[in-house]
$ cat entry-v4.cif   # mmCIF, C-alpha atoms and all ligand atoms
data_final
loop_
_atom_site.label_atom_id
_atom_site.label_comp_id
_atom_site.auth_asym_id
_atom_site.auth_seq_id
_atom_site.Cartn_x
_atom_site.Cartn_y
_atom_site.Cartn_z
CA MET A 1 0.00 0.00 0.00
CA ASN A 2 1.45 3.32 -1.09
CA GLU A 3 0.47 5.99 1.47
CA GLU A 4 1.14 8.84 -0.93
CA ARG A 5 -1.09 7.37 -3.64
CA LEU A 6 -3.84 6.76 -1.08
CA ASN A 7 -3.63 10.40 0.03
CA GLU A 8 -3.80 11.53 -3.58
CA LEU A 9 -6.91 9.42 -4.11
CA VAL A 10 -8.60 10.84 -1.03
CA GLY A 11 -7.64 14.36 -2.11
CA GLN A 12 -9.20 13.72 -5.52
CA ALA A 13 -12.35 12.41 -3.86
CA VAL A 14 -12.64 15.56 -1.71
CA GLY A 15 -12.55 17.58 -4.92
CA ASP A 16 -15.26 15.35 -6.34
CA PHE A 17 -17.45 15.68 -3.23
CA GLY A 18 -17.28 19.41 -3.91
CA SER A 19 -18.14 18.91 -7.61
CA ILE A 20 -21.28 16.94 -6.82
CA LEU A 21 -22.42 19.53 -4.27
CA SER A 22 -21.51 22.50 -6.49
CA GLY A 23 -23.91 21.05 -9.07
CA GLY A 24 -26.78 21.55 -6.63
CA LEU A 25 -25.69 25.10 -5.82
CA ILE A 26 -25.29 25.99 -9.50
CA VAL A 27 -28.77 24.75 -10.41
CA LEU A 28 -30.18 26.76 -7.48
CA GLY A 29 -28.29 29.86 -8.56
CA ASP A 30 -29.53 29.51 -12.12
CA ARG A 31 -33.16 28.94 -11.10
CA LEU A 32 -33.16 31.83 -8.62
CA GLY A 33 -31.29 34.36 -10.77
CA LEU A 34 -28.33 34.63 -8.38
CA PHE A 35 -25.72 34.41 -11.16
CA ARG A 36 -27.64 36.95 -13.26
CA THR A 37 -27.85 39.33 -10.27
CA LEU A 38 -24.07 39.20 -9.83
CA ALA A 39 -23.40 39.44 -13.57
CA THR A 40 -25.55 42.52 -14.12
CA ALA A 41 -24.34 44.48 -11.06
CA ASP A 42 -22.07 47.50 -11.53
CA GLY A 43 -19.53 46.08 -9.08
CA PRO A 44 -19.15 43.65 -6.18
CA LEU A 45 -22.25 43.05 -4.02
CA THR A 46 -22.76 42.00 -0.42
CA SER A 47 -24.83 38.91 0.30
CA ALA A 48 -27.64 41.21 1.50
CA GLU A 49 -27.61 43.05 -1.84
CA VAL A 50 -27.63 39.82 -3.86
CA ALA A 51 -30.47 38.51 -1.68
CA GLU A 52 -32.52 41.68 -2.00
CA ARG A 53 -32.10 41.94 -5.77
CA SER A 54 -32.95 38.29 -6.35
CA GLY A 55 -35.80 38.06 -3.83
CA CYS A 56 -34.05 35.45 -1.66
CA ALA A 57 -33.22 35.09 2.03
CA GLU A 58 -29.82 36.56 2.92
CA ARG A 59 -28.64 33.69 5.12
CA TYR A 60 -29.07 31.16 2.32
CA VAL A 61 -27.46 33.46 -0.24
CA ARG A 62 -24.40 34.07 1.97
CA GLU A 63 -23.75 30.34 2.31
CA TRP A 64 -24.28 29.86 -1.45
CA LEU A 65 -21.81 32.66 -2.26
CA ASN A 66 -19.18 31.18 0.02
CA GLY A 67 -19.65 27.67 -1.36
CA LEU A 68 -19.23 28.78 -4.95
CA SER A 69 -16.38 31.16 -4.09
CA ALA A 70 -14.54 28.15 -2.66
CA ALA A 71 -15.33 26.31 -5.90
CA GLY A 72 -13.86 29.15 -8.00
CA TYR A 73 -17.19 29.81 -9.72
CA VAL A 74 -17.87 33.11 -7.85
CA THR A 75 -15.15 35.63 -6.87
CA TYR A 76 -14.87 36.78 -3.26
CA ALA A 77 -13.81 40.43 -3.50
CA GLY A 78 -13.09 40.82 0.25
CA ASP A 79 -14.99 42.81 2.91
CA GLY A 80 -18.07 40.61 2.53
CA GLU A 81 -18.51 41.43 -1.17
CA TYR A 82 -18.80 39.06 -4.13
CA THR A 83 -18.64 39.39 -7.89
CA LEU A 84 -18.32 37.35 -11.09
CA SER A 85 -15.24 37.75 -13.26
CA GLU A 86 -15.99 38.24 -16.96
CA GLU A 87 -15.20 34.57 -17.56
CA GLN A 88 -17.44 33.40 -14.69
CA ALA A 89 -20.26 35.58 -16.04
CA ILE A 90 -19.95 33.99 -19.50
CA ALA A 91 -19.82 30.45 -18.12
CA PHE A 92 -22.86 30.92 -15.86
CA THR A 93 -25.08 33.37 -17.70
CA ASP A 94 -24.29 33.68 -21.42
CA GLU A 95 -26.22 30.90 -23.14
CA SER A 96 -25.08 32.01 -26.59
CA SER A 97 -21.45 31.13 -25.72
CA PRO A 98 -19.98 27.66 -26.32
CA ALA A 99 -18.30 28.18 -22.91
CA CYS A 100 -21.65 28.30 -21.11
CA VAL A 101 -21.77 25.41 -18.61
CA ILE A 102 -25.07 26.04 -16.88
CA GLY A 103 -27.09 23.54 -18.96
CA GLY A 104 -24.39 20.94 -18.41
CA PHE A 105 -24.76 21.22 -14.64
CA GLN A 106 -28.55 21.11 -14.93
CA ALA A 107 -28.42 17.93 -17.04
CA MET A 108 -25.72 16.18 -14.97
CA LEU A 109 -27.47 16.84 -11.67
CA ALA A 110 -30.75 15.60 -13.17
CA ALA A 111 -29.01 12.41 -14.33
CA THR A 112 -27.82 11.63 -10.79
CA ARG A 113 -31.45 11.63 -9.63
CA ALA A 114 -31.89 8.30 -11.48
CA VAL A 115 -29.60 6.45 -9.07
CA ASP A 116 -32.48 4.86 -7.11
CA LYS A 117 -34.23 3.58 -10.23
CA LEU A 118 -30.93 2.35 -11.68
CA THR A 119 -30.12 0.32 -8.59
CA ASP A 120 -32.94 -2.00 -9.62
CA ALA A 121 -32.14 -1.76 -13.34
CA PHE A 122 -28.52 -2.84 -12.81
CA GLN A 123 -29.77 -6.01 -11.13
CA THR A 124 -32.60 -6.86 -13.52
CA GLY A 125 -30.89 -5.68 -16.72
CA GLU A 126 -34.01 -3.71 -17.62
CA GLY A 127 -33.76 -0.26 -19.12
CA LEU A 128 -34.76 3.21 -18.02
CA GLY A 129 -36.29 5.37 -20.74
CA TRP A 130 -35.20 8.91 -21.53
CA HIS A 131 -38.72 10.02 -20.59
CA GLU A 132 -38.40 8.50 -17.11
CA HIS A 133 -35.75 10.99 -15.97
CA HIS A 134 -36.23 14.24 -14.03
CA HIS A 135 -37.46 17.00 -16.38
CA ASP A 136 -34.27 19.01 -15.79
CA LEU A 137 -32.52 16.46 -18.00
CA PHE A 138 -34.57 17.53 -21.03
CA HIS A 139 -34.12 21.26 -20.42
CA GLY A 140 -30.49 20.94 -19.35
CA THR A 141 -29.57 18.86 -22.40
CA GLU A 142 -31.00 21.47 -24.74
CA ARG A 143 -29.16 24.27 -22.94
CA PHE A 144 -25.95 22.22 -22.82
CA PHE A 145 -25.92 21.30 -26.52
CA ARG A 146 -27.37 24.44 -28.10
CA PRO A 147 -24.22 26.62 -27.73
CA GLY A 148 -22.16 23.92 -29.46
CA TYR A 149 -24.68 23.75 -32.31
CA ILE A 150 -24.66 27.56 -32.63
CA ALA A 151 -20.85 27.47 -32.82
CA ASN A 152 -20.48 24.57 -35.26
CA LEU A 153 -23.58 23.48 -37.11
CA THR A 154 -23.94 25.99 -39.93
CA THR A 155 -20.33 27.19 -39.96
CA SER A 156 -18.51 23.87 -39.93
CA TRP A 157 -20.66 20.70 -40.00
CA ILE A 158 -23.10 21.58 -42.83
CA PRO A 159 -20.34 22.97 -45.09
CA ALA A 160 -18.40 19.72 -44.56
CA LEU A 161 -21.21 17.67 -46.16
CA ASP A 162 -21.09 17.02 -49.88
CA GLY A 163 -23.35 19.56 -51.66
CA ILE A 164 -25.78 20.03 -48.77
CA GLU A 165 -25.13 23.69 -48.04
CA ASP A 166 -26.15 24.65 -51.60
CA LYS A 167 -29.28 22.51 -51.39
CA LEU A 168 -30.27 24.10 -48.06
CA THR A 169 -29.68 27.58 -49.41
CA ALA A 170 -31.79 26.88 -52.50
CA GLY A 171 -34.56 25.14 -50.56
CA ALA A 172 -34.41 21.59 -49.21
CA THR A 173 -36.52 19.33 -47.00
CA VAL A 174 -34.90 18.23 -43.76
CA ALA A 175 -35.81 15.85 -40.94
CA ASP A 176 -34.19 16.18 -37.50
CA VAL A 177 -34.74 12.86 -35.73
CA GLY A 178 -34.49 12.53 -31.94
CA CYS A 179 -34.73 16.31 -32.01
CA GLY A 180 -35.47 16.81 -28.30
CA HIS A 181 -36.38 20.46 -27.76
CA GLY A 182 -35.49 21.25 -31.36
CA ALA A 183 -32.38 23.36 -30.79
CA SER A 184 -30.60 22.04 -33.90
CA THR A 185 -33.80 22.18 -36.02
CA ILE A 186 -34.40 25.84 -35.17
CA ILE A 187 -30.78 26.88 -35.73
CA LEU A 188 -30.90 25.28 -39.19
CA ALA A 189 -34.27 26.88 -39.98
CA GLN A 190 -32.94 30.31 -39.05
CA ALA A 191 -29.88 29.86 -41.26
CA TYR A 192 -31.69 28.46 -44.33
CA PRO A 193 -34.98 30.36 -44.84
CA ASN A 194 -35.83 28.62 -48.16
CA SER A 195 -35.83 25.16 -46.59
CA THR A 196 -38.50 23.32 -44.60
CA PHE A 197 -37.84 21.25 -41.50
CA VAL A 198 -39.58 18.59 -39.47
CA GLY A 199 -38.36 17.38 -36.09
CA TYR A 200 -39.30 13.95 -34.74
CA ASP A 201 -38.90 12.62 -31.21
CA TYR A 202 -40.70 9.87 -29.33
CA HIS A 203 -41.01 12.10 -26.22
CA GLN A 204 -44.23 14.17 -26.28
CA PRO A 205 -43.13 16.80 -23.70
CA SER A 206 -39.99 17.47 -25.78
CA ILE A 207 -42.09 17.90 -28.91
CA ASP A 208 -44.35 20.35 -27.04
CA ALA A 209 -41.28 22.32 -25.92
CA ALA A 210 -39.84 22.28 -29.45
CA ARG A 211 -43.09 23.63 -30.94
CA LYS A 212 -43.08 26.48 -28.43
CA ALA A 213 -39.40 27.24 -29.12
CA ALA A 214 -40.08 27.36 -32.88
CA ALA A 215 -43.00 29.74 -32.32
CA ASP A 216 -40.85 31.94 -30.06
CA ALA A 217 -38.11 31.96 -32.72
CA GLY A 218 -40.63 32.96 -35.41
CA VAL A 219 -39.93 29.94 -37.65
CA SER A 220 -43.15 27.92 -37.16
CA ASN A 221 -44.17 28.54 -40.77
CA ARG A 222 -41.30 26.32 -42.00
CA VAL A 223 -40.70 24.07 -39.01
CA SER A 224 -43.00 21.42 -37.58
CA PHE A 225 -42.47 18.89 -34.81
CA GLU A 226 -44.17 15.50 -34.52
CA VAL A 227 -44.04 12.61 -32.08
CA ALA A 228 -42.48 9.68 -33.93
CA SER A 229 -39.77 7.14 -33.37
CA ALA A 230 -36.58 6.88 -35.40
CA LYS A 231 -37.68 3.63 -37.01
CA ASP A 232 -41.09 4.70 -38.23
CA TYR A 233 -41.22 8.45 -38.67
CA PRO A 234 -43.36 9.42 -41.67
CA GLY A 235 -42.16 11.35 -44.71
CA THR A 236 -39.82 10.49 -47.56
CA ASN A 237 -37.60 12.30 -50.03
CA PHE A 238 -35.63 14.20 -47.40
CA ASP A 239 -32.53 15.91 -48.77
CA LEU A 240 -30.99 15.78 -45.33
CA VAL A 241 -31.74 13.77 -42.20
CA GLY A 242 -29.97 14.84 -38.99
CA PHE A 243 -29.44 12.80 -35.83
CA PHE A 244 -27.88 14.95 -33.10
CA ASP A 245 -26.52 13.05 -30.14
CA CYS A 246 -29.32 10.50 -30.10
CA LEU A 247 -28.48 7.42 -32.23
CA HIS A 248 -26.67 5.75 -29.33
CA ASP A 249 -29.74 6.35 -27.08
CA MET A 250 -31.90 4.24 -29.38
CA GLY A 251 -32.68 0.58 -28.86
CA ASP A 252 -32.24 -0.35 -32.51
CA PRO A 253 -29.77 2.04 -34.14
CA ARG A 254 -29.29 -0.30 -37.10
CA GLY A 255 -33.05 -0.39 -37.68
CA ALA A 256 -33.07 3.41 -37.42
CA ALA A 257 -30.26 3.59 -40.01
CA ALA A 258 -32.29 1.43 -42.41
CA HIS A 259 -35.31 3.69 -41.94
CA VAL A 260 -33.21 6.82 -42.55
CA LEU A 261 -31.97 5.30 -45.82
CA SER A 262 -35.54 4.62 -46.96
CA SER A 263 -36.59 8.18 -46.12
CA LEU A 264 -33.84 9.97 -48.10
CA ALA A 265 -34.30 11.52 -51.53
CA PRO A 266 -31.92 10.23 -54.24
CA GLY A 267 -28.57 11.86 -53.44
CA GLY A 268 -29.71 12.72 -49.89
CA SER A 269 -27.39 12.68 -46.88
CA TRP A 270 -27.55 11.58 -43.28
CA LEU A 271 -25.75 13.90 -40.86
CA LEU A 272 -24.88 11.91 -37.76
CA VAL A 273 -23.50 13.72 -34.71
CA GLU A 274 -22.33 11.57 -31.83
CA PRO A 275 -20.27 12.15 -28.68
CA PHE A 276 -16.51 12.26 -29.32
CA ALA A 277 -14.92 8.88 -28.62
CA ASN A 278 -11.93 6.83 -29.66
CA ASP A 279 -12.43 3.19 -30.59
CA ASP A 280 -10.42 1.77 -27.68
CA VAL A 281 -11.57 2.16 -24.09
CA ALA A 282 -8.03 2.96 -22.96
CA ASP A 283 -7.99 6.00 -25.24
CA ASN A 284 -11.18 7.39 -23.68
CA LEU A 285 -9.97 7.37 -20.08
CA ASN A 286 -9.67 11.14 -19.80
CA PRO A 287 -11.92 13.96 -18.44
CA VAL A 288 -14.21 14.04 -21.51
CA GLY A 289 -14.50 10.25 -21.54
CA ARG A 290 -15.25 10.33 -17.82
CA VAL A 291 -18.23 12.63 -18.43
CA PHE A 292 -19.49 10.60 -21.38
CA TYR A 293 -19.07 7.12 -19.85
CA SER A 294 -20.75 8.37 -16.68
CA ALA A 295 -23.65 10.03 -18.51
CA SER A 296 -23.89 6.88 -20.60
CA THR A 297 -24.19 4.74 -17.48
CA LEU A 298 -26.94 6.90 -16.02
CA ILE A 299 -28.79 7.96 -19.20
CA CYS A 300 -27.83 6.54 -22.61
CA THR A 301 -27.23 2.85 -21.95
CA PRO A 302 -30.43 2.43 -19.89
CA ALA A 303 -32.34 4.44 -22.52
CA SER A 304 -31.30 2.04 -25.26
CA LEU A 305 -31.94 -1.01 -23.06
CA SER A 306 -35.51 0.26 -22.49
CA GLN A 307 -36.31 0.00 -26.22
CA GLU A 308 -36.70 -2.90 -28.66
CA VAL A 309 -33.46 -4.76 -29.54
CA GLY A 310 -31.57 -2.90 -26.77
CA THR A 311 -28.29 -2.58 -28.68
CA ALA A 312 -26.89 -0.22 -26.02
CA LEU A 313 -24.13 1.33 -28.09
CA GLY A 314 -23.30 3.65 -25.20
CA ALA A 315 -22.16 7.24 -25.55
CA GLN A 316 -18.58 6.16 -26.28
CA ALA A 317 -19.31 3.90 -29.24
CA GLY A 318 -16.56 5.37 -31.43
CA GLU A 319 -16.25 5.48 -35.21
CA ALA A 320 -15.64 1.79 -35.92
CA ARG A 321 -18.76 0.63 -34.05
CA LEU A 322 -20.87 3.43 -35.57
CA ARG A 323 -19.66 2.47 -39.04
CA GLU A 324 -20.85 -1.11 -38.47
CA VAL A 325 -24.30 0.13 -37.44
CA VAL A 326 -24.67 2.59 -40.33
CA THR A 327 -23.40 0.26 -43.05
CA GLY A 328 -25.39 -2.56 -41.42
CA GLY A 329 -28.47 -0.40 -42.06
CA GLY A 330 -27.62 -0.39 -45.77
CA PHE A 331 -25.60 2.79 -46.30
CA GLY A 332 -22.78 2.43 -48.84
CA SER A 333 -20.68 5.37 -47.72
CA PHE A 334 -19.80 6.60 -44.23
CA ARG A 335 -17.13 9.17 -43.48
CA ARG A 336 -16.05 11.41 -40.63
CA VAL A 337 -16.44 15.00 -41.83
CA ALA A 338 -15.67 16.98 -38.66
CA GLU A 339 -14.98 16.70 -34.97
CA THR A 340 -14.79 18.86 -31.85
CA PRO A 341 -13.50 17.87 -28.42
CA PHE A 342 -17.09 16.76 -27.67
CA ASN A 343 -18.49 15.52 -30.98
CA LEU A 344 -17.78 13.24 -33.90
CA VAL A 345 -19.61 14.28 -37.08
CA PHE A 346 -20.31 11.83 -39.90
CA GLU A 347 -21.91 11.88 -43.32
CA ALA A 348 -23.64 8.73 -44.57
CA ARG A 349 -24.94 8.32 -48.12
CA ALA A 350 -26.61 5.53 -50.03
C1 LIG A 401 -29.52 13.28 -25.75
S1 LIG A 401 -31.09 13.73 -26.36
C2 LIG A 401 -30.66 14.74 -27.77
C3 LIG A 401 -31.77 15.67 -28.17
C4 LIG A 401 -31.48 16.61 -29.32
N1 LIG A 401 -31.15 15.89 -30.54
C5 LIG A 401 -30.38 17.59 -28.98
O1 LIG A 401 -29.29 17.48 -29.55
O2 LIG A 401 -30.59 18.48 -28.14
C6 LIG A 401 -31.65 12.22 -27.11
C7 LIG A 401 -33.04 12.33 -27.70
O3 LIG A 401 -33.35 11.13 -28.41
C8 LIG A 401 -34.73 10.87 -28.23
N2 LIG A 401 -34.96 9.44 -28.53
C9 LIG A 401 -34.50 8.36 -27.87
N3 LIG A 401 -34.89 7.23 -28.48
C10 LIG A 401 -35.61 7.60 -29.55
C11 LIG A 401 -36.27 6.87 -30.59
N4 LIG A 401 -36.24 5.54 -30.63
N5 LIG A 401 -36.91 7.58 -31.55
C12 LIG A 401 -36.94 8.93 -31.51
N6 LIG A 401 -36.34 9.67 -30.56
C13 LIG A 401 -35.67 9.01 -29.60
C14 LIG A 401 -34.99 11.26 -26.79
O4 LIG A 401 -36.36 11.46 -26.53
C15 LIG A 401 -34.16 12.54 -26.68
O5 LIG A 401 -34.91 13.68 -27.00
#

$ encode --input "entry-v4.cif" --output "structure tokens"
Amino acid sequence: MNEERLNELVGQAVGDFGSILSGGLIVLGDRLGLFRTLATADGPLTSAEVAERSGCAERYVREWLNGLSAAGYVTYAGDGEYTLSEEQAIAFTDESSPACVIGGFQAMLAATRAVDKLTDAFQTGEGLGWHEHHHDLFHGTERFFRPGYIANLTTSWIPALDGIEDKLTAGATVADVGCGHGASTIILAQAYPNSTFVGYDYHQPSIDAARKAAADAGVSNRVSFEVASAKDYPGTNFDLVGFFDCLHDMGDPRGAAAHVLSSLAPGGSWLLVEPFANDDVADNLNPVGRVFYSASTLICTPASLSQEVGTALGAQAGEARLREVVTGGGFGSFRRVAETPFNLVFEARA
């Protein structure tokens, strides 16, 4: 037994205790407007000022400020005053920035609420559907992914597909499958006003939220959302079908691939966005892999196991496994067209 290594491990665990608890504080601060109060102030505020401006009780707010100052997510300015640095303000209040982490905390904390249900599922092998999670998972996922889509979708991923940008500009028909709250659908609709879009998801509350988001964004005339599963959504002759971070959540991804192929127009493309992963487990044992394997344990693997076939690709499937699924569904060509630290982006064609 190496005493030093044991101490390191315990030190790491203390940091992780703090991470789990910070998640709760961050979701509270987001819900109650505490971050926004700090970010919009002219200078540092006392706990009483933050409490008064956000309509909260001072004693709670003081403890919250100290907890997040210790975490490095709020700045203690001395003399009982607190502020957010510019970077902290972006990370905790600017949802247009790819550096915004607030949705990530909301989704991750929601995922941990499934631990009781998963205790049984681990023993029985049964699944736990996406829809069975706390509703913060649906909202948090949208808020977590949207900044990445804003940063990459129309500037990098669409241009990387063969001929699709021109088709979208001229006027194309697009399906966004497993669309959740429709973040990707709406971003595409805003960028390509001559095209029409339909989003499909099996989860009715997500479809309701997506319809509202499209109305709020003023694109409802060209965007519709329908409840449908990836293997039987209606409609054919799509120039582009998008799957954003959802194929691995599905019970039968190969069956979904076959259905996508049958729904494409001649020359149409499938844009498949999946979590970044290498093919070998050993190459994913890093901070990003830690997040994805953990989210996959709590969310994605049980989601797939809850559906027919139960392939359970997991969120770290990697390119080789995804290629098998996509070509197994009948696609003749499959290539990686882009990547970010968090996503692999593929184009599949007949
Ligand atoms: C991780 S979320 C991604 C949502 C959205 N694409 C985004 O990027 O924000 C996965 C989505 O897949 C949906 N989903 C899971 N299985 C599905 C299936 N078999 N058919 C259609 N949608 C499915 C879930 O309801 C959920 O909205």

$ residues_around --input "entry-v4.cif" --residues "A:Ile20" --least-positions-apart "5" --cutoff "10 Å" --atoms "only C-alpha atoms" --output "ChimeraX atom specification"
/A:15,25,105,108-109,112

$ residues_around --input "entry-v4.cif" --residues "stretch 27-39 of chain A" --least-positions-apart "6" --cutoff "10 Å" --atoms "only C-alpha atoms" --output "number ranges by chain"
A: 45-46, 49-56, 61, 64-65, 68, 73-74, 82-86, 88-94, 102-107, 109-110, 136, 140

$ residues_around --input "entry-v4.cif" --residues "A:Pro147" --least-positions-apart "5" --cutoff "7 Å" --atoms "all atoms listed in the file" --output "MDAnalysis selection string"
chainID A and resid 95:98

$ residues_around --input "entry-v4.cif" --residues "stretch 200-202 of chain A" --least-positions-apart "5" --cutoff "9 Å" --atoms "only C-alpha atoms" --output "PyMOL selection string"
chain A and resi 131+175-182+207+224-230+233

$ closest_residue --input "entry-v4.cif" --among "A:Lys117, A:Lys167, A:His203, A:Arg62" --to "ligand LIG 401 (chain A)" --atoms "only C-alpha atoms and all ligand atoms"
A:His203

$ atom_distance --input "entry-v4.cif" --atom1 "atom CA of A:Pro341" --atom2 "atom CA of A:Ser304"
24.0 Å

$ closest_residue --input "entry-v4.cif" --among "A:Ser22, A:Ser306, A:Thr173, A:Thr124" --to "A:Gly242" --atoms "only C-alpha atoms"
A:Thr173

$ residues_near_point --input "entry-v4.cif" --point "(-17.8, 8.0, -29.7)" --cutoff "9 Å" --atoms "all atoms listed in the file" --output "MDAnalysis selection string"
chainID A and resid 274:279 284 292 314:319 321:322 343:344

$ write_last_selection --input "entry-v4.cif" --atoms "C-alpha atoms" --output "compact mmCIF listing (two decimals), keeping the file's coordinate frame"
# COMPACT_ATOMS: atom_id res chain seq x y z
CA GLU A 274 -22.33 11.57 -31.83
CA PRO A 275 -20.27 12.15 -28.68
CA PHE A 276 -16.51 12.26 -29.32
CA ALA A 277 -14.92 8.88 -28.62
CA ASN A 278 -11.93 6.83 -29.66
CA ASP A 279 -12.43 3.19 -30.59
CA ASN A 284 -11.18 7.39 -23.68
CA PHE A 292 -19.49 10.60 -21.38
CA GLY A 314 -23.30 3.65 -25.20
CA ALA A 315 -22.16 7.24 -25.55
CA GLN A 316 -18.58 6.16 -26.28
CA ALA A 317 -19.31 3.90 -29.24
CA GLY A 318 -16.56 5.37 -31.43
CA GLU A 319 -16.25 5.48 -35.21
CA ARG A 321 -18.76 0.63 -34.05
CA LEU A 322 -20.87 3.43 -35.57
CA ASN A 343 -18.49 15.52 -30.98
CA LEU A 344 -17.78 13.24 -33.90

$ atom_distance --input "entry-v4.cif" --atom1 "atom CA of A:Gly80" --atom2 "atom CA of A:Ile26"
20.3 Å

$ closest_residue --input "entry-v4.cif" --among "A:Ala99, A:Ala350, A:Ala189, A:Leu118" --to "A:Ala257" --atoms "only C-alpha atoms"
A:Ala350

$ residues_around --input "entry-v4.cif" --residues "A:Ile186" --least-positions-apart "3" --cutoff "12 Å" --atoms "all atoms listed in the file" --output "ChimeraX atom specification"
/A:142,146,149-150,153-154,174-176,179-183,189-193,195-199,210-225

$ closest_residue --input "entry-v4.cif" --among "A:Gly129, A:Pro44, A:Gly267, A:Gly328" --to "ligand LIG 401 (chain A)" --atoms "all atoms listed in the file"
A:Gly129

$ closest_residue --input "entry-v4.cif" --among "A:Glu4, A:Cys300, A:Leu285, A:Gly255" --to "A:Ala114" --atoms "all atoms listed in the file"
A:Cys300

$ atom_distance --input "entry-v4.cif" --atom1 "atom CA of A:Val309" --atom2 "atom C11 of ligand LIG 401 (chain A)"
12.0 Å

$ closest_residue --input "entry-v4.cif" --among "A:Ser269, A:Thr236, A:Asn2, A:Ser69" --to "A:Gly18" --atoms "only C-alpha atoms"
A:Ser69

$ build_atoms --input "entry-v4.cif" --residues "stretch 164-176 of chain A" --atoms "N, CA, C and O atoms" --output "PDB file, keeping the file's coordinate frame"
ATOM      1  N   ILE A 164     -24.558  19.770 -49.552  1.00  0.00           N
ATOM      2  CA  ILE A 164     -25.780  20.030 -48.770  1.00  0.00           C
ATOM      3  C   ILE A 164     -26.009  21.521 -48.531  1.00  0.00           C
ATOM      4  O   ILE A 164     -27.154  21.991 -48.541  1.00  0.00           O
ATOM      5  N   GLU A 165     -24.940  22.261 -48.334  1.00  0.00           N
ATOM      6  CA  GLU A 165     -25.130  23.690 -48.040  1.00  0.00           C
ATOM      7  C   GLU A 165     -25.866  24.372 -49.209  1.00  0.00           C
ATOM      8  O   GLU A 165     -26.803  25.156 -48.997  1.00  0.00           O
ATOM      9  N   ASP A 166     -25.477  24.046 -50.436  1.00  0.00           N
ATOM     10  CA  ASP A 166     -26.150  24.650 -51.600  1.00  0.00           C
ATOM     11  C   ASP A 166     -27.619  24.253 -51.649  1.00  0.00           C
ATOM     12  O   ASP A 166     -28.487  25.066 -51.942  1.00  0.00           O
ATOM     13  N   LYS A 167     -27.880  22.959 -51.361  1.00  0.00           N
ATOM     14  CA  LYS A 167     -29.280  22.510 -51.390  1.00  0.00           C
ATOM     15  C   LYS A 167     -30.105  23.253 -50.329  1.00  0.00           C
ATOM     16  O   LYS A 167     -31.236  23.664 -50.582  1.00  0.00           O
ATOM     17  N   LEU A 168     -29.541  23.413 -49.138  1.00  0.00           N
ATOM     18  CA  LEU A 168     -30.270  24.100 -48.060  1.00  0.00           C
ATOM     19  C   LEU A 168     -30.510  25.563 -48.409  1.00  0.00           C
ATOM     20  O   LEU A 168     -31.577  26.117 -48.114  1.00  0.00           O
ATOM     21  N   THR A 169     -29.538  26.165 -49.034  1.00  0.00           N
ATOM     22  CA  THR A 169     -29.680  27.580 -49.410  1.00  0.00           C
ATOM     23  C   THR A 169     -30.767  27.735 -50.477  1.00  0.00           C
ATOM     24  O   THR A 169     -31.585  28.656 -50.422  1.00  0.00           O
ATOM     25  N   ALA A 170     -30.800  26.783 -51.413  1.00  0.00           N
ATOM     26  CA  ALA A 170     -31.790  26.880 -52.500  1.00  0.00           C
ATOM     27  C   ALA A 170     -33.186  26.493 -52.012  1.00  0.00           C
ATOM     28  O   ALA A 170     -34.188  27.038 -52.493  1.00  0.00           O
ATOM     29  N   GLY A 171     -33.252  25.590 -51.045  1.00  0.00           N
ATOM     30  CA  GLY A 171     -34.560  25.140 -50.560  1.00  0.00           C
ATOM     31  C   GLY A 171     -34.607  23.619 -50.542  1.00  0.00           C
ATOM     32  O   GLY A 171     -34.770  22.985 -51.583  1.00  0.00           O
ATOM     33  N   ALA A 172     -34.457  23.043 -49.351  1.00  0.00           N
ATOM     34  CA  ALA A 172     -34.410  21.590 -49.210  1.00  0.00           C
ATOM     35  C   ALA A 172     -35.417  21.163 -48.145  1.00  0.00           C
ATOM     36  O   ALA A 172     -35.955  21.989 -47.410  1.00  0.00           O
ATOM     37  N   THR A 173     -35.684  19.843 -48.086  1.00  0.00           N
ATOM     38  CA  THR A 173     -36.520  19.330 -47.000  1.00  0.00           C
ATOM     39  C   THR A 173     -35.632  18.510 -46.059  1.00  0.00           C
ATOM     40  O   THR A 173     -34.830  17.681 -46.497  1.00  0.00           O
ATOM     41  N   VAL A 174     -35.820  18.766 -44.769  1.00  0.00           N
ATOM     42  CA  VAL A 174     -34.900  18.230 -43.760  1.00  0.00           C
ATOM     43  C   VAL A 174     -35.695  17.605 -42.617  1.00  0.00           C
ATOM     44  O   VAL A 174     -36.689  18.175 -42.162  1.00  0.00           O
ATOM     45  N   ALA A 175     -35.250  16.443 -42.158  1.00  0.00           N
ATOM     46  CA  ALA A 175     -35.810  15.850 -40.940  1.00  0.00           C
ATOM     47  C   ALA A 175     -34.716  15.828 -39.864  1.00  0.00           C
ATOM     48  O   ALA A 175     -33.567  15.492 -40.145  1.00  0.00           O
ATOM     49  N   ASP A 176     -35.102  16.221 -38.655  1.00  0.00           N
ATOM     50  CA  ASP A 176     -34.190  16.180 -37.500  1.00  0.00           C
ATOM     51  C   ASP A 176     -34.786  15.155 -36.532  1.00  0.00           C
ATOM     52  O   ASP A 176     -35.815  15.402 -35.901  1.00  0.00           O
TER      53      ASP A 176
END
